[in-house]
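Source file: target26.txt; contents: compact mmCIF, C-alpha atoms.
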# COMPACT_ATOMS: atom_id res chain seq x y z
CA MET A 1 0.00 0.00 0.00
CA LYS A 2 2.85 2.40 0.87
CA ILE A 3 4.42 1.74 -2.51
CA LEU A 4 1.13 2.51 -4.25
CA THR A 5 0.73 5.80 -2.32
CA ALA A 6 4.33 6.80 -3.04
CA PHE A 7 3.82 5.98 -6.72
CA ALA A 8 0.63 8.12 -6.84
CA ILE A 9 2.46 11.07 -5.23
CA PHE A 10 5.34 10.62 -7.67
CA ILE A 11 2.90 10.72 -10.61
CA LEU A 12 1.14 13.85 -9.28
CA VAL A 13 4.44 15.68 -8.73
CA GLY A 14 5.56 14.62 -12.20
CA CYS A 15 2.35 15.94 -13.76
CA ALA A 16 2.73 19.30 -12.03
CA THR A 17 6.27 19.61 -13.39
CA ILE A 18 5.25 18.51 -16.86
CA MET A 19 2.50 21.14 -16.99
CA GLY A 20 5.09 23.93 -17.03
CA ASP A 21 4.35 27.21 -18.77
CA ARG A 22 1.04 27.82 -20.53
CA THR A 23 0.00 30.29 -23.20
CA VAL A 24 -3.30 32.12 -23.52
CA ASN A 25 -4.00 33.34 -27.03
CA VAL A 26 -5.91 36.59 -27.50
CA THR A 27 -7.32 37.29 -30.96
CA SER A 28 -7.81 40.60 -32.72
CA ALA A 29 -11.58 39.98 -32.47
CA GLN A 30 -11.34 39.93 -28.66
CA ILE A 31 -9.38 43.19 -28.63
CA GLN A 32 -11.80 44.75 -31.15
CA GLU A 33 -14.72 43.84 -28.91
CA LYS A 34 -13.06 45.48 -25.89
CA LEU A 35 -12.20 48.62 -27.86
CA ASN A 36 -15.74 48.89 -29.20
CA GLU A 37 -17.10 48.47 -25.68
CA LYS A 38 -14.81 51.10 -24.15
CA LEU A 39 -14.68 53.70 -26.92
CA SER A 40 -18.26 53.59 -28.23
CA VAL A 41 -19.49 55.68 -25.32
CA PRO A 42 -19.65 59.24 -26.65
CA PHE A 43 -17.17 61.60 -25.03
CA SER A 44 -16.37 65.29 -25.23
CA LEU A 45 -13.04 66.79 -26.30
CA LEU A 46 -12.29 70.13 -24.69
CA LYS A 47 -16.05 70.73 -24.36
CA VAL A 48 -16.05 71.64 -28.07
CA PHE A 49 -16.30 68.32 -29.90
CA ASP A 50 -18.55 65.37 -29.17
CA VAL A 51 -16.93 62.17 -30.41
CA LYS A 52 -18.26 58.65 -30.89
CA LEU A 53 -15.97 55.84 -32.08
CA SER A 54 -17.14 52.43 -33.30
CA ASN A 55 -16.38 49.41 -35.48
CA ALA A 56 -12.75 48.90 -34.50
CA LEU A 57 -10.66 46.88 -36.95
CA VAL A 58 -7.50 45.69 -35.19
CA THR A 59 -4.26 44.33 -36.65
CA PHE A 60 -0.98 43.52 -34.93
CA ASP A 61 2.57 44.16 -36.10
CA GLN A 62 4.92 41.52 -34.72
CA THR A 63 8.00 43.45 -35.85
CA THR A 64 7.21 46.65 -33.92
CA GLY A 65 5.03 45.10 -31.21
CA ARG A 66 2.32 47.64 -31.99
CA MET A 67 -1.40 47.28 -32.46
CA HIS A 68 -3.00 49.25 -35.30
CA THR A 69 -6.68 50.11 -35.30
CA VAL A 70 -8.99 51.88 -37.72
CA MET A 71 -12.35 52.99 -36.33
CA ASP A 72 -15.42 54.82 -37.56
CA ALA A 73 -15.51 58.30 -36.06
CA ASP A 74 -18.56 60.52 -35.68
CA LEU A 75 -17.81 64.05 -34.59
CA SER A 76 -20.12 66.95 -33.91
CA SER A 77 -19.57 70.45 -32.62
CA LYS A 78 -22.23 72.95 -31.58
CA LEU A 79 -19.60 75.68 -31.61
CA LEU A 80 -18.71 75.04 -35.24
CA ASN A 81 -22.24 73.92 -36.13
CA GLN A 82 -20.82 70.92 -37.95
CA GLN A 83 -21.31 67.16 -37.85
CA SER A 84 -18.96 64.83 -39.71
CA SER A 85 -18.17 61.15 -40.06
CA GLY A 86 -14.99 59.45 -41.14
CA LYS A 87 -12.15 57.23 -39.95
CA LEU A 88 -9.70 57.43 -37.08
CA GLY A 89 -6.41 55.53 -37.12
CA LEU A 90 -4.89 54.60 -33.77
CA SER A 91 -1.79 52.64 -32.85
CA GLY A 92 0.03 51.76 -29.67
CA LYS A 93 2.47 49.42 -28.01
CA LEU A 94 1.01 46.78 -25.78
CA ARG A 95 2.23 46.36 -22.23
CA PHE A 96 1.44 43.63 -19.75
CA ASP A 97 0.62 44.78 -16.21
CA ALA A 98 1.31 41.85 -13.88
CA ALA A 99 -0.42 43.50 -10.88
CA SER A 100 -3.79 43.55 -12.67
CA SER A 101 -3.12 40.63 -15.08
CA SER A 102 -4.09 42.97 -17.91
CA VAL A 103 -2.85 44.00 -21.33
CA LEU A 104 -2.71 47.79 -21.53
CA LEU A 105 -2.32 50.25 -24.38
CA ASP A 106 1.01 52.03 -24.02
CA GLU A 107 2.52 54.80 -26.15
CA PRO A 108 -0.80 55.41 -27.95
CA ALA A 109 -0.72 57.52 -31.08
CA ILE A 110 -3.55 58.90 -33.15
CA GLU A 111 -2.16 58.22 -36.60
CA GLN A 112 -4.82 60.07 -38.53
CA ILE A 113 -8.36 61.31 -38.41
CA ASN A 114 -10.06 61.91 -41.70
CA LEU A 115 -13.61 63.18 -41.85
CA GLY A 116 -14.77 62.80 -45.43
CA GLN A 117 -17.13 65.80 -45.53
CA ALA A 118 -14.79 68.17 -43.70
CA SER A 119 -12.40 70.56 -45.39
CA GLN A 120 -8.68 69.84 -45.46
CA GLN A 121 -8.06 72.68 -43.00
CA TYR A 122 -10.67 71.28 -40.58
CA ASN A 123 -9.10 67.80 -40.84
CA GLU A 124 -5.63 69.25 -40.15
CA ILE A 125 -6.90 71.04 -37.02
CA LEU A 126 -8.63 67.85 -35.83
CA ASN A 127 -5.49 65.78 -36.45
CA ALA A 128 -3.36 68.16 -34.38
CA LEU A 129 -5.92 68.19 -31.58
CA ALA A 130 -6.51 64.43 -31.66
CA LYS A 131 -2.79 63.62 -31.63
CA THR A 132 -2.25 65.75 -28.53
CA VAL A 133 -5.38 65.01 -26.52
CA GLY A 134 -5.96 61.43 -27.71
CA LYS A 135 -2.54 60.29 -26.56
CA GLU A 136 -3.31 61.24 -22.97
CA MET A 137 -6.87 59.90 -23.02
CA LEU A 138 -5.92 56.46 -24.32
CA LYS A 139 -2.72 55.77 -22.38
CA GLY A 140 -3.18 52.81 -20.07
CA LEU A 141 -6.49 51.70 -21.61
CA THR A 142 -7.18 48.08 -20.59
CA LEU A 143 -7.52 45.92 -23.71
CA TYR A 144 -7.68 42.46 -22.13
CA LYS A 145 -7.74 40.96 -18.65
CA VAL A 146 -6.58 37.38 -18.06
CA LYS A 147 -9.55 35.29 -16.91
CA PRO A 148 -9.41 33.60 -13.49
CA ASP A 149 -10.09 30.23 -15.21
CA ASP A 150 -6.83 30.65 -17.14
CA LEU A 151 -4.88 31.24 -13.93
CA LYS A 152 -5.90 28.00 -12.18
CA VAL A 153 -5.85 24.73 -14.11
CA SER A 154 -6.08 21.27 -12.54
CA GLY A 155 -5.21 22.65 -9.11
CA THR A 156 -2.13 24.48 -10.37
CA GLN A 157 -2.04 28.26 -9.89
CA TYR A 158 -0.45 30.23 -12.73
CA VAL A 159 0.91 33.76 -12.81
CA PRO A 160 1.13 35.88 -15.96
CA LYS A 161 4.71 36.63 -17.00
CA GLY A 162 4.34 38.76 -20.12
CA ILE A 163 3.05 39.00 -23.67
CA VAL A 164 4.30 38.34 -27.15
CA VAL A 165 2.74 40.23 -30.04
CA THR A 166 2.30 38.15 -33.18
CA ASP A 167 0.73 39.05 -36.50
CA ARG A 168 -2.29 36.93 -35.49
CA GLY A 169 -2.81 38.32 -31.99
CA LEU A 170 -1.31 38.19 -28.54
CA GLN A 171 0.18 35.33 -26.60
CA ILE A 172 0.12 35.75 -22.82
CA LYS A 173 2.73 33.58 -21.10
CA LEU A 174 1.67 31.96 -17.82
CA SER A 175 4.02 30.11 -15.46
CA PRO A 176 3.14 27.82 -12.55
CA GLN A 177 3.42 29.53 -9.19

Serialized structure, structure tokens:
Amino acid sequence: MKILTAFAIFILVGCATIMGDRTVNVTSAQIQEKLNEKLSVPFSLLKVFDVKLSNALVTFDQTTGRMHTVMDADLSSKLLNQQSSGKLGLSGKLRFDAASSSVLLDEPAIEQINLGQASQQYNEILNALAKTVGKEMLKGLTLYKVKPDDLKVSGTQYVPKGIVVTDRGLQIKLSPQ
């Protein structure tokens, strides 16, 4: 009986060691959903422009580690008595925050805002404003949070170690605790 118990313990310890690191894959669709959820709520810029963003289309650049996003942008201004729609291009590095087990947007940049009906001068003013204000508004935006189910598997507790950006999405590395 003692041999059987010792053998069972040996197998369990072996399984825990074999489990090793895990990877959680996060797709562009999951990031798009989070961006749409967070940025679709209309917000005001400098109490002059009302902005609504929607329909995020996310791609990842493995070489630079940046995420690129194009979104529909609806902008209105009572001061300028103008309402316009167009596209907003956003990019940013992705950073893993171990304390919150979250992927955050870091070094955000508004690449371009182009409102089709607006004049070139109006678009240039909006681009300058968006690049300055947008950077501060978007820094640290949570794009994904590791699920508790991913952190505990078969009795083994895992801790997130970091992320790898691939052309297909993100890979979050988890190690046994």

With all atoms listed in the file as the counted atoms, please give the residues lying no more than 8 Å from A:Met67, apart from itself and same-chain residues fewer than 2 positions off, as a PDB file with C-alpha atoms, keeping the file's coordinate frame.
ATOM      1  CA  VAL A  58      -7.500  45.690 -35.190  1.00  0.00           C
ATOM      2  CA  THR A  59      -4.260  44.330 -36.650  1.00  0.00           C
ATOM      3  CA  PHE A  60      -0.980  43.520 -34.930  1.00  0.00           C
ATOM      4  CA  ASP A  61       2.570  44.160 -36.100  1.00  0.00           C
ATOM      5  CA  GLY A  65       5.030  45.100 -31.210  1.00  0.00           C
ATOM      6  CA  THR A  69      -6.680  50.110 -35.300  1.00  0.00           C
ATOM      7  CA  SER A  91      -1.790  52.640 -32.850  1.00  0.00           C
ATOM      8  CA  GLY A  92       0.030  51.760 -29.670  1.00  0.00           C
ATOM      9  CA  LYS A  93       2.470  49.420 -28.010  1.00  0.00           C
ATOM     10  CA  LEU A  94       1.010  46.780 -25.780  1.00  0.00           C
TER      11      LEU A  94
END

Distance atom CA of A:Ser102-atom CA of A:Thr23, one decimal place?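 Computed distance, atom CA of A:Ser102 to atom CA of A:Thr23, equals 14.3 Å.
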
List every residue of stretch 10-99 of chain A that has an atom at most 9 Å from any atom of stretch 138-152 of chain A, giving for each one its closest atom pair and the distance in Å to one decimal, counting all atoms listed in the file, sorted by chain and then by ascending residue number, as a tab-separated table.
residue	atom	partner	partner_atom	distance
A:Val24	CA	A:Asp150	CA	7.4
A:Val26	CA	A:Tyr144	CA	8.2
A:Gln30	CA	A:Tyr144	CA	7.9
A:Ile31	CA	A:Leu143	CA	5.9
A:Gln32	CA	A:Leu143	CA	8.7
A:Lys34	CA	A:Leu143	CA	6.0
A:Leu35	CA	A:Leu143	CA	6.8
A:Lys38	CA	A:Leu141	CA	8.7
A:Gly92	CA	A:Lys139	CA	8.8
A:Leu94	CA	A:Leu143	CA	8.8
A:Arg95	CA	A:Gly140	CA	8.7

What residues have an atom no more than 9 Å from (-3.1, 61.5, -31.3) in the file's own frame, counting only C-alpha atoms, and can you write them as a VMD selection string? chain A and resid 89 to 90 108 to 113 127 to 136

What's the separation between atom CA of A:Val51 and atom CA of A:Leu75, in Å to one decimal place?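 According to the coordinates, atom CA of A:Val51 and atom CA of A:Leu75 are separated by 4.7 Å.
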
Separation of atom CA of A:Gln171 from atom CA of A:Gly155 in Å: 22.3 Å
